[in-house]
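*Asks:* Starting off with a structure, shown below.
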Amino acid sequence: MNDIRRTILWVIFGFSMVLLWDQWQVFSGHKATFFPSATQTSKVLSPTVPVAPTLSGTASSVPSSSSAGVTQNLPGAVPTGAPSMPSTVKERVVVSTDVLTLTFDSEGGTLVRSVFSKYKDTAHKELGYVLLDESSDRVYVAQTGLIAGTTGGTFPTHKTLMTVVPGERTLKDGQNELQIKFESAAIGGVKLVKTYTIKRGAYDMAVRHDVINTGNVPVAPQLYLQLVRDGNKPPGESSFYSTFTGPAIYTEAKKYQKVEFKTIENNKVDVEKQATNGYVAMVQHYFASAWILGDGIQRDIFLRKVDTNLFAVGMITPLNSIAPGATRTIDSKLFVGPQEEKKLEALSPGLELVKDYGWLTILAKPLYWLLDKLHSFIQNWGWSIVALVLLLKIAFYWLNAKAYASMAKMKAINPKITEMRERLKDKPQEMQQAMMKIYREEKVNPMGGCFPIMIQIPVFIALYWVLLSSVEMRSAPWMLWIKDLSSPDPFYILPVVMALTTMLQTALNPAPPDPMQAKLMWFMPLIFSVMFFFFPAGLVLYWITNNILSITQQWVINTRMGVPPQFNLPKFK
């Protein structure tokens, strides 16, 4: 039974190594060895206006689309702090707050670039992190506009050239907010005024759309809000820990639903298409963007492929009939920023779920809460990780004690089992019976050391995802040479320590009676340790702390049980 269990584990381990090697090939810039897939090249394209969905209550709420090329050779941005003059010339306007630098395009009043001053670029630490961008390498923008409703018509869209209203472009000392306003000419008897209000210290902005009927007959356009992004992974993301990148939606009825780009491409999207609450978002490691409409506002939700490697997620809301000379106002929020859990919770119900812990969310959220509370006292994320692992070890002390006690018993009877295996090596059936007899006589359960540890595995996996997903670790120092807990140790000191502690823990465990298995049991921690050379320092620190505490407890329990700690080193002959 014990041998079968080990065989199954080694099959799983072997397949995992194949997958890891395949990912290493991709990470190194080579083609995948075992699971090749065609890569898509991003085209810098901007979607045309979505076709209005039917409003007859059918499920046909996902707009169809075509594409049009982005205009190149754009005029330079307005200098920071200088008010822009009313103009119908295409231009880009830069707006700065204490935490954000945003670039807007007067074509549609579209947000085409966002830079975070608090979070630095991975490759260039002196530069702020860029999330939204429209360049030759990337497309990720936030667009809005009007499309025809029940009465038809052609209205201002995100491709309409708009006038930038003069105003402040930099948030000054003593100011708490600034505004940037775009006004369109009247198209189809409708003028669209788009106003962004950005507050100090905030990554969300209020976006007000004033739809003015300048004509002589009632109109009933629809407002669309969409995020358009290429399907590439964020630059510099490691292949060793894959996090979700793609669109997501949230409604009260079906909660959080994320959708892979490949699912959209294959027309297999199955999400709620109509709601009166929630948001649409684009999610990636550490950062997200989201359009949020107030509760009670009817909206149709769509996900669509715009062009080759270009995807959109958005909402369309009807404005009903607007009388001549009247104005209809729709208020919304646009979030573009880091996945700071507490701030996301305050913005909109369910928005914190863009920080994706997967199926272990129920365990991960309280672990993050505890980690955050520890940080509020310690004021250092590295030491907070150490403290959290220590608390978890205390919580699971008795379970670990049972596991290590079982291992100590196994170690005590190992000589007897080794002698028996040598004596009956040509009689496998008798060997198995004799082994079970020894276990019964000595009152040893071969699974006794596994079960208590298996119970804890989900908790430690959840903690792994907490540390991997928390943007607070990004650029957060620990001590000495560790300046960024989200990046690998630049001198590989922590991975080496982790490898040594892992091998020490392996040496303290009872060696399998089978010599071949005893040798193989050493390869797993060695290969596992090599993987950690590419992992963030915060994750390696967590694992080292766990190893050291486990070794200490195992040493104490073995000594108490009269089984002196003994290093079972492999014999590679």
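Ordering of the structure tokens sets the chain letters (A, B, ...); residue numbers start at 1 within each chain; ligands are numbered from 1 in the order shown.
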Determine which residues of segment 304-371 of chain A receive a DSSP assignment of helix (DSSP H, G or I), computed from the backbone, and state them as number ranges by chain.
*Replies:* A: 341-347, 351-354, 358-371
*Asks:* Could the residues in this selection be written to a file with N, CA and C atoms, as a PDB file, in the first residue's frame?
*Replies:*
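Dumped to again-v5.pdb:
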ATOM      1  N   GLU A 341      -6.972  45.458  -1.743  1.00  0.00           N
ATOM      2  CA  GLU A 341      -8.232  44.796  -1.402  1.00  0.00           C
ATOM      3  C   GLU A 341      -9.206  45.688  -0.641  1.00  0.00           C
ATOM      4  N   LYS A 342      -8.732  46.395   0.375  1.00  0.00           N
ATOM      5  CA  LYS A 342      -9.625  47.217   1.195  1.00  0.00           C
ATOM      6  C   LYS A 342     -10.225  48.370   0.385  1.00  0.00           C
ATOM      7  N   LYS A 343      -9.424  48.968  -0.489  1.00  0.00           N
ATOM      8  CA  LYS A 343      -9.935  50.065  -1.317  1.00  0.00           C
ATOM      9  C   LYS A 343     -10.937  49.561  -2.347  1.00  0.00           C
ATOM     10  N   LEU A 344     -10.695  48.376  -2.889  1.00  0.00           N
ATOM     11  CA  LEU A 344     -11.625  47.805  -3.862  1.00  0.00           C
ATOM     12  C   LEU A 344     -12.968  47.492  -3.210  1.00  0.00           C
ATOM     13  N   GLU A 345     -12.942  46.960  -1.990  1.00  0.00           N
ATOM     14  CA  GLU A 345     -14.179  46.655  -1.270  1.00  0.00           C
ATOM     15  C   GLU A 345     -15.021  47.903  -1.064  1.00  0.00           C
ATOM     16  N   ALA A 346     -14.368  49.040  -0.821  1.00  0.00           N
ATOM     17  CA  ALA A 346     -15.088  50.285  -0.564  1.00  0.00           C
ATOM     18  C   ALA A 346     -15.691  50.885  -1.828  1.00  0.00           C
ATOM     19  N   LEU A 347     -15.145  50.543  -2.997  1.00  0.00           N
ATOM     20  CA  LEU A 347     -15.608  51.146  -4.246  1.00  0.00           C
ATOM     21  C   LEU A 347     -16.913  50.557  -4.750  1.00  0.00           C
ATOM     22  N   LEU A 351     -15.936  44.105  -6.087  1.00  0.00           N
ATOM     23  CA  LEU A 351     -14.796  44.559  -6.877  1.00  0.00           C
ATOM     24  C   LEU A 351     -13.478  43.977  -6.353  1.00  0.00           C
ATOM     25  N   GLU A 352     -13.445  43.650  -5.053  1.00  0.00           N
ATOM     26  CA  GLU A 352     -12.227  43.066  -4.494  1.00  0.00           C
ATOM     27  C   GLU A 352     -11.920  41.688  -5.077  1.00  0.00           C
ATOM     28  N   LEU A 353     -12.908  41.082  -5.762  1.00  0.00           N
ATOM     29  CA  LEU A 353     -12.707  39.748  -6.332  1.00  0.00           C
ATOM     30  C   LEU A 353     -11.808  39.760  -7.564  1.00  0.00           C
ATOM     31  N   VAL A 354     -11.505  40.948  -8.108  1.00  0.00           N
ATOM     32  CA  VAL A 354     -10.542  40.998  -9.212  1.00  0.00           C
ATOM     33  C   VAL A 354      -9.168  40.557  -8.725  1.00  0.00           C
ATOM     34  N   GLY A 358      -8.754  32.343  -6.687  1.00  0.00           N
ATOM     35  CA  GLY A 358      -9.229  31.064  -7.211  1.00  0.00           C
ATOM     36  C   GLY A 358     -10.200  30.383  -6.260  1.00  0.00           C
ATOM     37  N   TRP A 359     -10.180  29.056  -6.254  1.00  0.00           N
ATOM     38  CA  TRP A 359     -11.155  28.284  -5.489  1.00  0.00           C
ATOM     39  C   TRP A 359     -10.876  28.310  -3.992  1.00  0.00           C
ATOM     40  N   LEU A 360      -9.744  28.888  -3.586  1.00  0.00           N
ATOM     41  CA  LEU A 360      -9.413  28.950  -2.168  1.00  0.00           C
ATOM     42  C   LEU A 360      -9.692  30.326  -1.559  1.00  0.00           C
ATOM     43  N   THR A 361     -10.559  31.100  -2.217  1.00  0.00           N
ATOM     44  CA  THR A 361     -10.880  32.436  -1.725  1.00  0.00           C
ATOM     45  C   THR A 361     -11.387  32.415  -0.290  1.00  0.00           C
ATOM     46  N   ILE A 362     -12.190  31.414   0.049  1.00  0.00           N
ATOM     47  CA  ILE A 362     -12.780  31.334   1.386  1.00  0.00           C
ATOM     48  C   ILE A 362     -11.705  31.225   2.476  1.00  0.00           C
ATOM     49  N   LEU A 363     -10.550  30.661   2.130  1.00  0.00           N
ATOM     50  CA  LEU A 363      -9.432  30.587   3.078  1.00  0.00           C
ATOM     51  C   LEU A 363      -8.483  31.774   2.917  1.00  0.00           C
ATOM     52  N   ALA A 364      -8.306  32.222   1.674  1.00  0.00           N
ATOM     53  CA  ALA A 364      -7.322  33.262   1.391  1.00  0.00           C
ATOM     54  C   ALA A 364      -7.717  34.615   1.976  1.00  0.00           C
ATOM     55  N   LYS A 365      -8.996  34.963   1.924  1.00  0.00           N
ATOM     56  CA  LYS A 365      -9.428  36.282   2.403  1.00  0.00           C
ATOM     57  C   LYS A 365      -9.131  36.478   3.895  1.00  0.00           C
ATOM     58  N   PRO A 366      -9.477  35.515   4.765  1.00  0.00           N
ATOM     59  CA  PRO A 366      -9.106  35.720   6.172  1.00  0.00           C
ATOM     60  C   PRO A 366      -7.593  35.726   6.401  1.00  0.00           C
ATOM     61  N   LEU A 367      -6.838  34.962   5.589  1.00  0.00           N
ATOM     62  CA  LEU A 367      -5.387  34.980   5.722  1.00  0.00           C
ATOM     63  C   LEU A 367      -4.821  36.354   5.349  1.00  0.00           C
ATOM     64  N   TYR A 368      -5.372  36.942   4.283  1.00  0.00           N
ATOM     65  CA  TYR A 368      -4.929  38.292   3.914  1.00  0.00           C
ATOM     66  C   TYR A 368      -5.297  39.289   5.007  1.00  0.00           C
ATOM     67  N   TRP A 369      -6.507  39.136   5.556  1.00  0.00           N
ATOM     68  CA  TRP A 369      -6.939  40.037   6.641  1.00  0.00           C
ATOM     69  C   TRP A 369      -5.950  39.974   7.809  1.00  0.00           C
ATOM     70  N   LEU A 370      -5.550  38.758   8.177  1.00  0.00           N
ATOM     71  CA  LEU A 370      -4.612  38.588   9.286  1.00  0.00           C
ATOM     72  C   LEU A 370      -3.245  39.159   8.929  1.00  0.00           C
ATOM     73  N   LEU A 371      -2.788  38.919   7.699  1.00  0.00           N
ATOM     74  CA  LEU A 371      -1.504  39.466   7.253  1.00  0.00           C
ATOM     75  C   LEU A 371      -1.522  40.987   7.289  1.00  0.00           C
TER      76      LEU A 371
END
*Asks:* Where in segment 251-491 of chain A does DSSP assign strand (DSSP E or B), given as a ChimeraX atom specification?
*Replies:* /A:251,255-258,274-275,279-283,287-293,299-307,310-318,322,327-338
*Asks:* Just want the 8 Å neighbourhood of Gln284 of chain A, counted on only C-alpha atoms, with same-chain residues fewer than 2 positions away dropped. Output as a ChimeraX atom specification.
*Replies:* /A:233-234,243-246,282,286-288
*Asks:* Just the selected residues (C-alpha atoms), exported as a PDB file, in the first residue's frame, please.
*Replies:*
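Once everything was written out, this is again_28.pdb:
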ATOM      1  CA  LYS A 233       0.246  38.531 -20.853  1.00  0.00           C
ATOM      2  CA  PRO A 234       1.683  41.515 -18.927  1.00  0.00           C
ATOM      3  CA  THR A 243      -1.996  34.304 -12.949  1.00  0.00           C
ATOM      4  CA  PHE A 244      -5.209  35.172 -14.784  1.00  0.00           C
ATOM      5  CA  THR A 245      -5.188  37.854 -17.458  1.00  0.00           C
ATOM      6  CA  GLY A 246      -8.448  38.761 -19.165  1.00  0.00           C
ATOM      7  CA  MET A 282     -10.000  43.735 -17.273  1.00  0.00           C
ATOM      8  CA  TYR A 286      -1.573  43.014  -9.360  1.00  0.00           C
ATOM      9  CA  PHE A 287      -3.631  45.515 -11.417  1.00  0.00           C
ATOM     10  CA  ALA A 288      -7.100  45.935 -12.928  1.00  0.00           C
TER      11      ALA A 288
END
*Asks:* Have a look at A:Met205, A:Ile187, A:Met420, A:Ala290 and name the one nearest to Leu102 of chain A; count only C-alpha atoms.
*Replies:*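 Nearest to Leu102 of chain A: A:Met205.
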*Asks:* When you count only C-alpha atoms, which of these residues is closest to Phe155 of chain A: A:Lys191, A:Lys120, A:Lys125, A:Arg138?
*Replies:* A:Lys191
